[in-house]
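All remarks here apply to the structure that follows.
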Amino acid sequence: MPRLDATHRHEPTQVNQVKPYEKLRRDLAQRDRSLREKVVTLDDVASFVRDGDLVGIGGSTMSRTPMALIWSLIRAGKKKLTCSRSITSSDGDLLFASGACEHIITSWFSQGILWGVSKVMRHHVESGKARFEEWSHLAMGMRLRAGAMGVPFMPIRTMLGSDVLKQRPEAKEMECPFTGERLLLVPALNPDVALIHVQRCDAYGNAQIDGLQFVDIDLAMAANKVILSTERIVSNDQIRRVPDQTKIPFFTVDAIVEVPFGCAPHECYGVYEPMIRHMEYYVGLVNKDPIAGMRDYLDRFVYGPKSWAEFLDLIGIEEVLAAARLGNSIYDA
Amino acid sequence: MPRLDATHRHEPTQVNQVKPYEKLRRDLAQRDRSLREKVVTLDDVASFVRDGDLVGIGGSTMSRTPMALIWSLIRAGKKKLTCSRSITSSDGDLLFASGACEHIITSWFSQGILWGVSKVMRHHVESGKARFEEWSHLAMGMRLRAGAMGVPFMPIRTMLGSDVLKQRPEAKEMECPFTGERLLLVPALNPDVALIHVQRCDAYGNAQIDGLQFVDIDLAMAANKVILSTERIVSNDQIRRVPDQTKIPFFTVDAIVEVPFGCAPHECYGVYEPMIRHMEYYVGLVNKDPIAGMRDYLDRFVYGPKSWAEFLDLIGIEEVLAAARLGNSIYDA
Amino acid sequence: MTHKPDYTAAELLAILSARQLKDGMVVFAGVGIPLLAATLAQRLHCPGLTILFEGGVVGAFVEPGKLPPSTNDQRCTARANMVLGSADVLLLLQRGYVDIGFMGGAQIDQYGNLNSSFIGDANHPAVRLPGTGGGNDIASLANMIVAMKHEKRRFVENVDFITSPGWMHGKDTRRQSGLPFGGMFRVVTDLAVFGFDENTHRIKPLALNLGVTREQVQDNTGFKLDFDSDVGLTEPPTDRELSVLRMLDPLRLYIG
Amino acid sequence: MTHKPDYTAAELLAILSARQLKDGMVVFAGVGIPLLAATLAQRLHCPGLTILFEGGVVGAFVEPGKLPPSTNDQRCTARANMVLGSADVLLLLQRGYVDIGFMGGAQIDQYGNLNSSFIGDANHPAVRLPGTGGGNDIASLANMIVAMKHEKRRFVENVDFITSPGWMHGKDTRRQSGLPFGGMFRVVTDLAVFGFDENTHRIKPLALNLGVTREQVQDNTGFKLDFDSDVGLTEPPTDRELSVLRMLDPLRLYIG
């Protein structure tokens, strides 16, 4: 089935404009969805993302953040990305400060509740350098669910009345044709690319997620391209042994990178907890000076290392191993 | 938290009329959703269902059919039930022929593809004794999903243009306010009671389903009352050891019955396959004469036995064990 | 037919439909011949065929001798890559992830519309059939292959009731009904393989099966067929196809 | 206060809010004091309290000394009954399965509206705050308890921006906005516990904490409070409450 057509120019998504169904399906039909191996290196990832793309980021806050993928896009000098995430943590700081992204669609944005408001986010948003577009957490999830289902909207019963809604003309209030009730219709979100980190997948992209899934299943279905990073690539036989645990089917996936500790310094359920000492070092640095501190951090930890392994080495093997010990302890019960 | 209020009279659902949100939530607020043990006997089940209720049935075709629960409702002489199921098998024959139910909402209704069209279904529907209300499989699923989400409808892109839709004025076509596309809005389905069979649950009702889930998770959330039958009641500790596998949270559940082989002669994933010899005996009997054959079957296998164990004994221990051996073989890979 | 072939009509159907599938496709298969034909294709020329079943199965690899009695049984999940809810597997069609929907049919008409609901008036039917199941959803959203026995009462000019839409009333009536994608692609029968005219969207014979004449096809069809001058011939089943097929269904549940 | 108590403001907050919960409730708890207070209540008078977290956790039982840094971390799933998608756990609120939503607050007003988005004009903000997270959803759908520090800049007459709706503009304006259920029920601070007038839906003190005067409460509030004549006193933390609380948070992450 040759589906790739050189004459078909896929245009980046008009952010927050619902993709007409004809475009949604034509874009998908162009993708090579056949059973094939898709393993690439971390350096290859950049070739799957174009400047200006709408990039959906998996995980939530400090959990299962596809940090290595973000790191590689920043290193490749990507520009003008719009990023979406249910809850944004220090990944958003890096995206703003590196200039890769000028617009984040999310429900919450700071490095983490322990460290108060992100000075990096504040600097970029208050100065008008970048946009923080706010939706409620449910609205973010339902926008992706609509996108995953191939429908243009989902009805919800939140955001109504609030000033959050007043800032979001993209959503539409509706009188229910069945009950006469007031509902909010949130528009489908179909990212150009999704970045998702999983515990394991096979070389085709059948991906298994343990523990908290967040909105990653809907994100994978909604996106027009999926890049997976994974702690481990396993055999297809191993996937088939526990099909209950497969959460993302291979035909949604376009590229796979094996990156152990690919969420560092954030956590990966059952594998490692967040590397809190590094996070504290980071927050100390950037909250003191969100411009110079951030520049230092990027130089040292993002642009500096030759490889992800070298980045982990900078965090420190001791901290990485301690995080892994805690990560695995969730199964101790 | 005393939530049961003797003065609150819960009225049976007007079938296919979307429950207004105020009623949906008031009905739910009346239920005792606290953490408590809910184990009852199979004979107790009838007290949870009123004549005229809309009863949502879990599983699909011959899989994870809550047969023991249906059997107990028929034995208790329930009347005027409306039943919904994604795909209806011989459970529907029993419900129609016993007079417990005169209206089934489903996408497909026959004993099973192997045996052609159900003569029992034909007899009841063609004679006008009972109603078979047809929706597409996706529409059935999305009606329950809307009910589970607490919204009055879901948009879908099927049934449009077909004669199936012409028979269903309960659905509404809509021009999408975002894209101008034609969509079908299917109304939420919120059964009064759901009957669901699971592999295991604890005494509170935290239920784990292995393998095919069908629409049972949405069904549990959508219903105003859930009766679980389970192959085994396990400790809450065992549930907490594998929370990934929990599919129905206890607070949706109102009663639990431990009934090993509670789907017989249908299958329960990983535990037993369908008891095909018994199914063939049954189909032979009722297809020869859908009235007298059905009466014979009901007398002998539904009204006759003193207990579910006695019913299993009538199927025959050899066939039950053979089905169990095959059921477990799914894990042999 | 002029000679008695050494295979059954169902075997011919399964083999001819299996050949319609291409490696790497994602196929949503109904029970019966489609399930069998898709599984056969996996064993022959499509090792990378991904089969979806309505029960909520992705990437099934059904075991020989263990054909499931429906697409909702545990046997469908043998060596599957993923199990998910049954509404969610249908949503994959709506999102557009499925290349081919593959179903049997009880009654079909000149525009490929399928009826599995009513014979006669829907409100006072002569026969109440089992209904759509996922058929309407699959046919509304995917490019379709239908495998069915060729009988006059099954091939009618216009079905009594459109359960699963084909090209509706021809031309662009399907699109106008709100169904911009999918549509009937091939109909495989024990007599011939059919396609659809790209403008009128009316059914037309593409190739006749071994030993079958145009007259036989017309006689077994309830409406006038237009035969192009270049109608071809299908290759008869090969020994390899037959032996693999029979290995899959040793009890001859589906192949008769 | 007239004497220095042997507990911190955060400890007082956690204990007073834990007391608001009743056994058998289903509580949707935010991070920080709510998470800690709900966990404390489980260890004290509510062994059958079911805690939900936004990350997708049902029936959590957080381990002592392993308080999670957010409600999306694996620590939230310790001994949980169920994990599910984060949108799906919020949908439990929409369906009506949650008795109490329990959050912290950055800024609150006389009608219990919460602002966690902007200080100043939303289009040119003096301070961009982290945003709603699930706050708007929880506050739109559930009966709410809010635990927060009592400061004049946090207790304002009208918030700059309604992130999470309380009673909107009082009376029945919440219902008129399309929010027929839920609403602000209690606000617990280090100075007092507040309820809301059932007609005007304006905030009002219910009970003062040990050693706190009406004047202190008024002085730390940015608008005029109406004190009923029968404003009560909260019971100070007991030794048992304090010792269990400190066992849960030995690193004093949340209790300061």
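Each chain in the structure tokens gets a letter, A, B and so on, in the order shown; residues start at 1 in every chain, and ligands are counted from 1 in the order they appear.
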
Selection: 8 Å around Tyr97 (chain D), only C-alpha atoms, excl. self and same-chain fewer than 2 positions, as an MDAnalysis selection string
(chainID B and resid 28:29 33 251:252) or (chainID D and resid 26 92:95 99)

Could you please take those selected residues and save all heavy atoms as a PDB file, in the first residue's frame?
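After the write, result-v5.pdb holds the following:
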```
ATOM      1  N   LEU B  28     -28.331   9.766  41.400  1.00  0.00           N
ATOM      2  CA  LEU B  28     -27.057   9.220  41.857  1.00  0.00           C
ATOM      3  C   LEU B  28     -26.785   9.623  43.307  1.00  0.00           C
ATOM      4  O   LEU B  28     -26.275   8.823  44.106  1.00  0.00           O
ATOM      5  CB  LEU B  28     -25.930   9.706  40.939  1.00  0.00           C
ATOM      6  CG  LEU B  28     -24.651   8.878  40.969  1.00  0.00           C
ATOM      7  CD1 LEU B  28     -23.874   9.052  39.686  1.00  0.00           C
ATOM      8  CD2 LEU B  28     -23.783   9.219  42.152  1.00  0.00           C
ATOM      9  N   ALA B  29     -27.143  10.854  43.639  1.00  0.00           N
ATOM     10  CA  ALA B  29     -26.874  11.349  44.996  1.00  0.00           C
ATOM     11  C   ALA B  29     -27.655  10.554  46.041  1.00  0.00           C
ATOM     12  O   ALA B  29     -27.256  10.471  47.201  1.00  0.00           O
ATOM     13  CB  ALA B  29     -27.210  12.838  45.085  1.00  0.00           C
ATOM     14  N   ARG B  33     -23.086   5.418  48.264  1.00  0.00           N
ATOM     15  CA  ARG B  33     -21.859   5.143  47.527  1.00  0.00           C
ATOM     16  C   ARG B  33     -20.666   4.927  48.445  1.00  0.00           C
ATOM     17  O   ARG B  33     -19.530   4.910  48.013  1.00  0.00           O
ATOM     18  CB  ARG B  33     -21.590   6.287  46.544  1.00  0.00           C
ATOM     19  CG  ARG B  33     -22.567   6.295  45.373  1.00  0.00           C
ATOM     20  CD  ARG B  33     -22.511   7.571  44.552  1.00  0.00           C
ATOM     21  NE  ARG B  33     -23.144   8.674  45.247  1.00  0.00           N
ATOM     22  CZ  ARG B  33     -22.525   9.760  45.662  1.00  0.00           C
ATOM     23  NH1 ARG B  33     -21.234   9.902  45.441  1.00  0.00           N
ATOM     24  NH2 ARG B  33     -23.173  10.706  46.297  1.00  0.00           N
ATOM     25  N   PHE B 251     -17.668   2.326  43.844  1.00  0.00           N
ATOM     26  CA  PHE B 251     -18.797   3.205  44.173  1.00  0.00           C
ATOM     27  C   PHE B 251     -19.883   3.221  43.106  1.00  0.00           C
ATOM     28  O   PHE B 251     -20.937   3.810  43.312  1.00  0.00           O
ATOM     29  CB  PHE B 251     -18.323   4.628  44.521  1.00  0.00           C
ATOM     30  CG  PHE B 251     -17.289   5.205  43.599  1.00  0.00           C
ATOM     31  CD1 PHE B 251     -17.608   5.577  42.310  1.00  0.00           C
ATOM     32  CD2 PHE B 251     -15.975   5.391  44.054  1.00  0.00           C
ATOM     33  CE1 PHE B 251     -16.651   6.124  41.480  1.00  0.00           C
ATOM     34  CE2 PHE B 251     -15.007   5.929  43.216  1.00  0.00           C
ATOM     35  CZ  PHE B 251     -15.336   6.302  41.932  1.00  0.00           C
ATOM     36  N   THR B 252     -19.623   2.560  41.986  1.00  0.00           N
ATOM     37  CA  THR B 252     -20.690   2.413  40.998  1.00  0.00           C
ATOM     38  C   THR B 252     -21.534   1.165  41.269  1.00  0.00           C
ATOM     39  O   THR B 252     -22.550   0.973  40.614  1.00  0.00           O
ATOM     40  CB  THR B 252     -20.105   2.279  39.570  1.00  0.00           C
ATOM     41  OG1 THR B 252     -19.407   1.046  39.464  1.00  0.00           O
ATOM     42  CG2 THR B 252     -19.164   3.413  39.234  1.00  0.00           C
TER      43      THR B 252
ATOM     44  N   VAL D  26     -16.466  10.126  49.042  1.00  0.00           N
ATOM     45  CA  VAL D  26     -15.545  10.074  47.911  1.00  0.00           C
ATOM     46  C   VAL D  26     -15.035  11.503  47.710  1.00  0.00           C
ATOM     47  O   VAL D  26     -15.823  12.418  47.461  1.00  0.00           O
ATOM     48  CB  VAL D  26     -16.248   9.568  46.642  1.00  0.00           C
ATOM     49  CG1 VAL D  26     -15.300   9.586  45.452  1.00  0.00           C
ATOM     50  CG2 VAL D  26     -16.811   8.168  46.865  1.00  0.00           C
ATOM     51  N   LEU D  92     -15.671  11.374  36.410  1.00  0.00           N
ATOM     52  CA  LEU D  92     -16.412  10.879  37.577  1.00  0.00           C
ATOM     53  C   LEU D  92     -17.096  12.029  38.304  1.00  0.00           C
ATOM     54  O   LEU D  92     -18.174  11.871  38.873  1.00  0.00           O
ATOM     55  CB  LEU D  92     -15.471  10.147  38.540  1.00  0.00           C
ATOM     56  CG  LEU D  92     -14.871   8.830  38.042  1.00  0.00           C
ATOM     57  CD1 LEU D  92     -13.835   8.320  39.031  1.00  0.00           C
ATOM     58  CD2 LEU D  92     -15.974   7.791  37.851  1.00  0.00           C
ATOM     59  N   LEU D  93     -16.442  13.198  38.295  1.00  0.00           N
ATOM     60  CA  LEU D  93     -17.057  14.393  38.876  1.00  0.00           C
ATOM     61  C   LEU D  93     -18.288  14.799  38.073  1.00  0.00           C
ATOM     62  O   LEU D  93     -19.330  15.140  38.621  1.00  0.00           O
ATOM     63  CB  LEU D  93     -16.071  15.561  38.848  1.00  0.00           C
ATOM     64  CG  LEU D  93     -14.908  15.572  39.820  1.00  0.00           C
ATOM     65  CD1 LEU D  93     -13.763  16.399  39.250  1.00  0.00           C
ATOM     66  CD2 LEU D  93     -15.348  16.140  41.160  1.00  0.00           C
ATOM     67  N   GLN D  94     -18.145  14.761  36.762  1.00  0.00           N
ATOM     68  CA  GLN D  94     -19.241  15.211  35.898  1.00  0.00           C
ATOM     69  C   GLN D  94     -20.450  14.273  36.031  1.00  0.00           C
ATOM     70  O   GLN D  94     -21.592  14.720  36.024  1.00  0.00           O
ATOM     71  CB  GLN D  94     -18.754  15.272  34.446  1.00  0.00           C
ATOM     72  CG  GLN D  94     -19.733  15.919  33.486  1.00  0.00           C
ATOM     73  CD  GLN D  94     -19.059  16.335  32.180  1.00  0.00           C
ATOM     74  OE1 GLN D  94     -18.414  17.365  32.091  1.00  0.00           O
ATOM     75  NE2 GLN D  94     -19.209  15.526  31.160  1.00  0.00           N
ATOM     76  N   ARG D  95     -20.173  12.983  36.186  1.00  0.00           N
ATOM     77  CA  ARG D  95     -21.262  12.012  36.343  1.00  0.00           C
ATOM     78  C   ARG D  95     -21.910  12.148  37.710  1.00  0.00           C
ATOM     79  O   ARG D  95     -23.050  11.758  37.905  1.00  0.00           O
ATOM     80  CB  ARG D  95     -20.703  10.604  36.126  1.00  0.00           C
ATOM     81  CG  ARG D  95     -21.688   9.474  36.249  1.00  0.00           C
ATOM     82  CD  ARG D  95     -22.739   9.495  35.174  1.00  0.00           C
ATOM     83  NE  ARG D  95     -23.672   8.373  35.326  1.00  0.00           N
ATOM     84  CZ  ARG D  95     -24.729   8.402  36.136  1.00  0.00           C
ATOM     85  NH1 ARG D  95     -25.013   9.477  36.828  1.00  0.00           N
ATOM     86  NH2 ARG D  95     -25.510   7.341  36.222  1.00  0.00           N
ATOM     87  N   ASP D  99     -18.297  13.193  46.276  1.00  0.00           N
ATOM     88  CA  ASP D  99     -19.001  13.951  47.318  1.00  0.00           C
ATOM     89  C   ASP D  99     -18.395  15.314  47.548  1.00  0.00           C
ATOM     90  O   ASP D  99     -19.101  16.290  47.744  1.00  0.00           O
ATOM     91  CB  ASP D  99     -18.957  13.172  48.643  1.00  0.00           C
ATOM     92  CG  ASP D  99     -19.716  11.871  48.558  1.00  0.00           C
ATOM     93  OD1 ASP D  99     -20.906  11.917  48.206  1.00  0.00           O
ATOM     94  OD2 ASP D  99     -19.118  10.813  48.818  1.00  0.00           O
TER      95      ASP D  99
END
```

Item to complete: Tell me the residues of chain D close to chain A, meaning within 9 Å using only C-alpha atoms, as a PyMOL selection string.
Response: chain D and resi 31-32+54-57+69-75+77-79+83-88+90-91+94+117+122+124-141+161-165+168+173-174+176-179+253-254

List every residue of region 12-249 of chain D that DSSP, applied to the backbone of this structure, places in helix (DSSP H, G or I), and write the result as a ChimeraX atom specification.
/D:12-20,33-43,74-77,86-95,135-141,173-176,214-219,239-248

Quick one: which residues from chain B are at most 7 Å off chain A, using only C-alpha atoms, as a PDB file with C-alpha atoms, in the first residue's frame?
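Contents of the output file out.pdb:
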```pdb
ATOM      1  CA  VAL B  18     -32.469  11.534  27.782  1.00  0.00           C
ATOM      2  CA  PRO B  20     -32.019  15.677  32.393  1.00  0.00           C
ATOM      3  CA  VAL B 151     -23.528  14.446  28.988  1.00  0.00           C
ATOM      4  CA  PRO B 152     -26.769  14.156  27.011  1.00  0.00           C
ATOM      5  CA  PRO B 155     -21.646  12.984  18.053  1.00  0.00           C
ATOM      6  CA  ILE B 156     -20.936  10.155  15.601  1.00  0.00           C
ATOM      7  CA  PHE B 178     -17.219  24.247  14.013  1.00  0.00           C
ATOM      8  CA  THR B 179     -16.973  22.651  10.576  1.00  0.00           C
ATOM      9  CA  GLY B 211      -9.417  -9.522  28.101  1.00  0.00           C
ATOM     10  CA  ARG B 241      -1.844  -5.236  43.999  1.00  0.00           C
ATOM     11  CA  ASP B 244      -4.162  -1.313  36.356  1.00  0.00           C
ATOM     12  CA  ALA B 333       0.804 -18.634  24.190  1.00  0.00           C
TER      13      ALA B 333
END
```

Problem set entry | Residues within 9 Å of Ala203 (chain B), only C-alpha atoms, excluding chain neighbours under 2 positions, as a PyMOL selection string | chain B and resi 36-39+201+205-206+233-236+250+256
